[in-house]
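**Student:** I'd like to ask you about the structure that follows.
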Amino acid sequence: MFFSFIFVSLQPKYKTSFNHCDPMITITKIFHYEMAHALHCYDGACANIHGHSYRLEVTVTGPVITDAMNPKCGMVIDFGDLKQIVQNAVLNQFDHALVLNSAMVVEPHGRVALQEQFGNIIFVDYQPTNENLLLDFAQRIQSALPADVTLVCLRMYETNVSFAEWTPTP
């Protein structure tokens, strides 16, 4: 019996830096979390405290790391690093939290009573709609990304069939 082997080098000749003409790669990581909220002065059932199982898709872009000595060579950002950024910037605070517009509770005693009753409550200075949460999350995530990695899209599903999407202003 005759065997033939072909060896292919897995060590491409990487450049050490990119210029503005080099390609950018876009990657997405998906997160799931639980959160409750209520919409202040809303004219429907969402004025009541209710919760959702959210799906957050975080899409970033950047140049592929080309330094062959870098353990992250061939990546825009390590998916594990992106997971840690989103975990620290958003999920550690918002997962299993109740998010309320601070205008809902005028007196400080009301906030204390709510926190004693429900525990993890986040008071925000905006209506905690899917759209406004995305604006908040975008700022939190972008500020934690490495300088050469850019947030290009956040898509957050509030239900299986309803989502909002954030993209940067041109």
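Numbering starts fresh at 1 for the residues of each chain in the structure tokens, the chains themselves are lettered A, B, ... in the order given, and ligands are numbered from 1 as they appear.
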Apply DSSP to the structure's backbone, then extract all residues of chain A labelled strand (DSSP E or B) and return them as a PyMOL selection string.
**Tutor:** chain A and resi 25-37+50-62+97-101+121-124+150-159+162-166
**Student:** Keeping only N, CA and C atoms, write those residues as a CSV table (one decimal), in the first residue's frame.
**Tutor:**
```csv
chain,number,residue,atom,x,y,z
A,25,ILE,N,-12.1,42.6,10.2
A,25,ILE,CA,-12.9,41.4,10.4
A,25,ILE,C,-13.9,41.7,11.5
A,26,THR,N,-15.2,41.3,11.3
A,26,THR,CA,-16.2,41.5,12.2
A,26,THR,C,-16.6,40.2,12.9
A,27,ILE,N,-16.7,40.2,14.2
A,27,ILE,CA,-17.1,39.0,15.0
A,27,ILE,C,-18.2,39.3,15.9
A,28,THR,N,-19.0,38.3,16.3
A,28,THR,CA,-20.2,38.5,17.1
A,28,THR,C,-20.2,37.4,18.2
A,29,LYS,N,-20.5,37.9,19.4
A,29,LYS,CA,-20.7,37.0,20.6
A,29,LYS,C,-22.1,37.2,21.1
A,30,ILE,N,-22.7,36.1,21.5
A,30,ILE,CA,-24.1,36.1,21.9
A,30,ILE,C,-24.2,35.8,23.4
A,31,PHE,N,-25.0,36.6,24.1
A,31,PHE,CA,-25.2,36.5,25.6
A,31,PHE,C,-26.7,36.4,25.9
A,32,HIS,N,-27.0,35.6,26.9
A,32,HIS,CA,-28.4,35.5,27.4
A,32,HIS,C,-28.4,35.9,28.9
A,33,TYR,N,-29.4,36.7,29.3
A,33,TYR,CA,-29.6,37.1,30.7
A,33,TYR,C,-31.0,37.4,31.0
A,34,GLU,N,-31.3,37.4,32.2
A,34,GLU,CA,-32.7,37.7,32.7
A,34,GLU,C,-32.7,39.1,33.4
A,35,MET,N,-33.8,39.8,33.1
A,35,MET,CA,-33.9,41.1,33.7
A,35,MET,C,-35.4,41.5,33.8
A,36,ALA,N,-35.8,42.2,34.8
A,36,ALA,CA,-37.1,42.8,34.9
A,36,ALA,C,-37.0,44.3,34.8
A,37,HIS,N,-38.1,44.9,34.4
A,37,HIS,CA,-38.2,46.3,34.4
A,37,HIS,C,-39.7,46.7,34.4
A,50,HIS,N,-42.3,43.5,35.1
A,50,HIS,CA,-42.3,42.3,34.4
A,50,HIS,C,-40.9,42.0,33.9
A,51,GLY,N,-40.7,40.8,33.5
A,51,GLY,CA,-39.3,40.4,33.1
A,51,GLY,C,-39.2,39.8,31.8
A,52,HIS,N,-38.0,39.7,31.3
A,52,HIS,CA,-37.7,39.1,30.0
A,52,HIS,C,-36.5,38.2,30.1
A,53,SER,N,-36.4,37.3,29.2
A,53,SER,CA,-35.2,36.5,28.9
A,53,SER,C,-34.5,37.2,27.7
A,54,TYR,N,-33.5,38.0,27.9
A,54,TYR,CA,-32.9,38.8,26.9
A,54,TYR,C,-31.8,38.0,26.2
A,55,ARG,N,-31.6,38.3,24.9
A,55,ARG,CA,-30.5,37.8,24.1
A,55,ARG,C,-29.8,39.0,23.6
A,56,LEU,N,-28.5,39.2,23.9
A,56,LEU,CA,-27.7,40.3,23.5
A,56,LEU,C,-26.6,39.8,22.6
A,57,GLU,N,-26.6,40.4,21.3
A,57,GLU,CA,-25.6,40.0,20.4
A,57,GLU,C,-24.6,41.2,20.3
A,58,VAL,N,-23.4,41.0,20.5
A,58,VAL,CA,-22.4,42.1,20.5
A,58,VAL,C,-21.4,41.8,19.3
A,59,THR,N,-21.4,42.8,18.4
A,59,THR,CA,-20.6,42.7,17.2
A,59,THR,C,-19.5,43.8,17.2
A,60,VAL,N,-18.3,43.3,17.0
A,60,VAL,CA,-17.1,44.2,17.0
A,60,VAL,C,-16.3,44.0,15.7
A,61,THR,N,-15.5,45.0,15.4
A,61,THR,CA,-14.7,44.9,14.2
A,61,THR,C,-13.3,45.4,14.6
A,62,GLY,N,-12.3,44.9,13.8
A,62,GLY,CA,-11.0,45.4,14.0
A,62,GLY,C,-10.0,44.6,13.1
A,97,ALA,N,-31.6,41.6,37.5
A,97,ALA,CA,-31.9,42.8,38.2
A,97,ALA,C,-33.3,43.3,37.8
A,98,LEU,N,-33.8,44.2,38.7
A,98,LEU,CA,-35.0,45.0,38.4
A,98,LEU,C,-34.5,46.4,38.0
A,99,VAL,N,-34.8,46.9,36.8
A,99,VAL,CA,-34.4,48.2,36.3
A,99,VAL,C,-35.6,49.1,36.3
A,100,LEU,N,-35.4,50.2,37.0
A,100,LEU,CA,-36.5,51.2,37.1
A,100,LEU,C,-36.0,52.6,36.8
A,101,ASN,N,-36.8,53.4,36.2
A,101,ASN,CA,-36.6,54.8,35.9
A,101,ASN,C,-36.6,55.4,37.3
A,121,ILE,N,-31.8,46.1,42.5
A,121,ILE,CA,-32.5,47.1,41.8
A,121,ILE,C,-31.6,48.1,41.2
A,122,ILE,N,-31.7,48.4,40.0
A,122,ILE,CA,-30.9,49.5,39.3
A,122,ILE,C,-31.8,50.6,39.0
A,123,PHE,N,-31.5,51.8,39.5
A,123,PHE,CA,-32.3,53.0,39.1
A,123,PHE,C,-31.5,53.7,38.1
A,124,VAL,N,-32.1,54.0,37.0
A,124,VAL,CA,-31.5,54.6,35.8
A,124,VAL,C,-32.2,56.0,35.6
A,150,THR,N,-13.6,48.1,17.6
A,150,THR,CA,-14.7,49.0,17.6
A,150,THR,C,-16.0,48.3,17.6
A,151,LEU,N,-16.9,48.8,18.5
A,151,LEU,CA,-18.3,48.2,18.5
A,151,LEU,C,-19.0,48.7,17.3
A,152,VAL,N,-19.6,47.7,16.5
A,152,VAL,CA,-20.3,48.1,15.3
A,152,VAL,C,-21.8,47.8,15.4
A,153,CYS,N,-22.2,46.9,16.3
A,153,CYS,CA,-23.6,46.6,16.4
A,153,CYS,C,-23.9,45.9,17.7
A,154,LEU,N,-25.0,46.3,18.3
A,154,LEU,CA,-25.6,45.6,19.4
A,154,LEU,C,-27.0,45.3,19.0
A,155,ARG,N,-27.4,44.0,19.1
A,155,ARG,CA,-28.8,43.6,18.9
A,155,ARG,C,-29.3,42.9,20.1
A,156,MET,N,-30.4,43.4,20.7
A,156,MET,CA,-30.9,42.9,21.9
A,156,MET,C,-32.4,42.4,21.7
A,157,TYR,N,-32.6,41.1,21.8
A,157,TYR,CA,-33.9,40.6,21.8
A,157,TYR,C,-34.6,40.7,23.2
A,158,GLU,N,-35.7,41.3,23.2
A,158,GLU,CA,-36.5,41.4,24.5
A,158,GLU,C,-37.4,40.1,24.6
A,159,THR,N,-37.9,39.7,23.4
A,159,THR,CA,-38.6,38.4,23.3
A,159,THR,C,-38.0,37.7,22.1
A,162,SER,N,-39.0,40.0,19.0
A,162,SER,CA,-38.8,41.5,19.1
A,162,SER,C,-37.4,41.9,19.5
A,163,PHE,N,-36.8,42.7,18.7
A,163,PHE,CA,-35.5,43.2,19.1
A,163,PHE,C,-35.3,44.6,18.7
A,164,ALA,N,-34.3,45.2,19.3
A,164,ALA,CA,-33.8,46.5,18.9
A,164,ALA,C,-32.3,46.4,18.5
A,165,GLU,N,-31.9,47.3,17.7
A,165,GLU,CA,-30.5,47.2,17.2
A,165,GLU,C,-29.8,48.6,17.3
A,166,TRP,N,-28.6,48.6,17.9
A,166,TRP,CA,-27.8,49.8,18.0
A,166,TRP,C,-26.7,49.7,17.0
```
**Student:** Skip Ser102 (chain A) itself and residues of its chain fewer than 5 positions away, then list as a PyMOL selection string all residues within 10 Å of it, counting only C-alpha atoms.
**Tutor:** chain A and resi 40+107+111+122-128
**Student:** Mind checking DSSP for region 31-94 of chain A and telling me the helix (DSSP H, G or I) residues as a VMD selection string?
**Tutor:** chain A and resid 45 to 47 79 to 94
**Student:** Can you pull out every residue within 10 Å of Ile85 (chain A), counting only C-alpha atoms, but drop anything in the same chain fewer than 2 positions away, and send it as a VMD selection string?
**Tutor:** chain A and resid 79 to 83 87 to 91 140 to 146
**Student:** Could you please take those selected residues and save N, CA and C atoms as a PDB file, in the first residue's frame?
**Tutor:**
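The resulting file, out18.pdb, is shown below:
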```
ATOM      1  N   PHE A  79     -12.546  35.688  21.890  1.00  0.00           N
ATOM      2  CA  PHE A  79     -13.944  35.618  22.315  1.00  0.00           C
ATOM      3  C   PHE A  79     -14.057  35.607  23.837  1.00  0.00           C
ATOM      4  N   GLY A  80     -13.111  34.997  24.517  1.00  0.00           N
ATOM      5  CA  GLY A  80     -13.108  34.984  25.976  1.00  0.00           C
ATOM      6  C   GLY A  80     -12.906  36.377  26.551  1.00  0.00           C
ATOM      7  N   ASP A  81     -12.046  37.173  25.906  1.00  0.00           N
ATOM      8  CA  ASP A  81     -11.840  38.551  26.360  1.00  0.00           C
ATOM      9  C   ASP A  81     -13.091  39.386  26.131  1.00  0.00           C
ATOM     10  N   LEU A  82     -13.747  39.193  24.979  1.00  0.00           N
ATOM     11  CA  LEU A  82     -14.991  39.917  24.707  1.00  0.00           C
ATOM     12  C   LEU A  82     -16.063  39.518  25.717  1.00  0.00           C
ATOM     13  N   LYS A  83     -16.134  38.238  26.033  1.00  0.00           N
ATOM     14  CA  LYS A  83     -17.090  37.764  27.037  1.00  0.00           C
ATOM     15  C   LYS A  83     -16.839  38.455  28.374  1.00  0.00           C
ATOM     16  N   GLN A  87     -19.389  40.879  30.301  1.00  0.00           N
ATOM     17  CA  GLN A  87     -19.757  40.425  31.652  1.00  0.00           C
ATOM     18  C   GLN A  87     -19.541  41.549  32.668  1.00  0.00           C
ATOM     19  N   ASN A  88     -18.360  42.168  32.621  1.00  0.00           N
ATOM     20  CA  ASN A  88     -18.032  43.230  33.582  1.00  0.00           C
ATOM     21  C   ASN A  88     -18.806  44.518  33.322  1.00  0.00           C
ATOM     22  N   ALA A  89     -18.978  44.878  32.054  1.00  0.00           N
ATOM     23  CA  ALA A  89     -19.599  46.160  31.715  1.00  0.00           C
ATOM     24  C   ALA A  89     -21.117  46.141  31.852  1.00  0.00           C
ATOM     25  N   VAL A  90     -21.736  44.981  31.624  1.00  0.00           N
ATOM     26  CA  VAL A  90     -23.199  44.935  31.573  1.00  0.00           C
ATOM     27  C   VAL A  90     -23.786  43.845  32.469  1.00  0.00           C
ATOM     28  N   LEU A  91     -23.432  42.608  32.200  1.00  0.00           N
ATOM     29  CA  LEU A  91     -24.155  41.486  32.804  1.00  0.00           C
ATOM     30  C   LEU A  91     -24.012  41.393  34.314  1.00  0.00           C
ATOM     31  N   ARG A 140     -21.059  51.556  27.632  1.00  0.00           N
ATOM     32  CA  ARG A 140     -20.319  50.749  28.603  1.00  0.00           C
ATOM     33  C   ARG A 140     -19.339  49.792  27.906  1.00  0.00           C
ATOM     34  N   ILE A 141     -19.814  49.118  26.871  1.00  0.00           N
ATOM     35  CA  ILE A 141     -18.985  48.123  26.181  1.00  0.00           C
ATOM     36  C   ILE A 141     -17.874  48.795  25.388  1.00  0.00           C
ATOM     37  N   GLN A 142     -18.209  49.832  24.603  1.00  0.00           N
ATOM     38  CA  GLN A 142     -17.202  50.488  23.773  1.00  0.00           C
ATOM     39  C   GLN A 142     -16.070  51.049  24.622  1.00  0.00           C
ATOM     40  N   SER A 143     -16.389  51.602  25.776  1.00  0.00           N
ATOM     41  CA  SER A 143     -15.343  52.199  26.609  1.00  0.00           C
ATOM     42  C   SER A 143     -14.398  51.145  27.197  1.00  0.00           C
ATOM     43  N   ALA A 144     -14.816  49.886  27.203  1.00  0.00           N
ATOM     44  CA  ALA A 144     -13.977  48.826  27.762  1.00  0.00           C
ATOM     45  C   ALA A 144     -13.207  48.031  26.704  1.00  0.00           C
ATOM     46  N   LEU A 145     -13.493  48.282  25.422  1.00  0.00           N
ATOM     47  CA  LEU A 145     -12.815  47.545  24.347  1.00  0.00           C
ATOM     48  C   LEU A 145     -11.399  48.065  24.126  1.00  0.00           C
ATOM     49  N   PRO A 146     -10.506  47.224  23.627  1.00  0.00           N
ATOM     50  CA  PRO A 146      -9.172  47.700  23.245  1.00  0.00           C
ATOM     51  C   PRO A 146      -9.285  48.803  22.185  1.00  0.00           C
TER      52      PRO A 146
END
```
**Student:** In Å, how far is it from CA of Pro63 (chain A) to CA of Asp148 (chain A)?
**Tutor:** 7.3 Å
**Student:** Provide the CA of Leu135 (chain A) to CA of Ile49 (chain A) distance in Å, to one decimal place.
**Tutor:**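 Rounded to one decimal, the two atoms are 21.3 Å apart.
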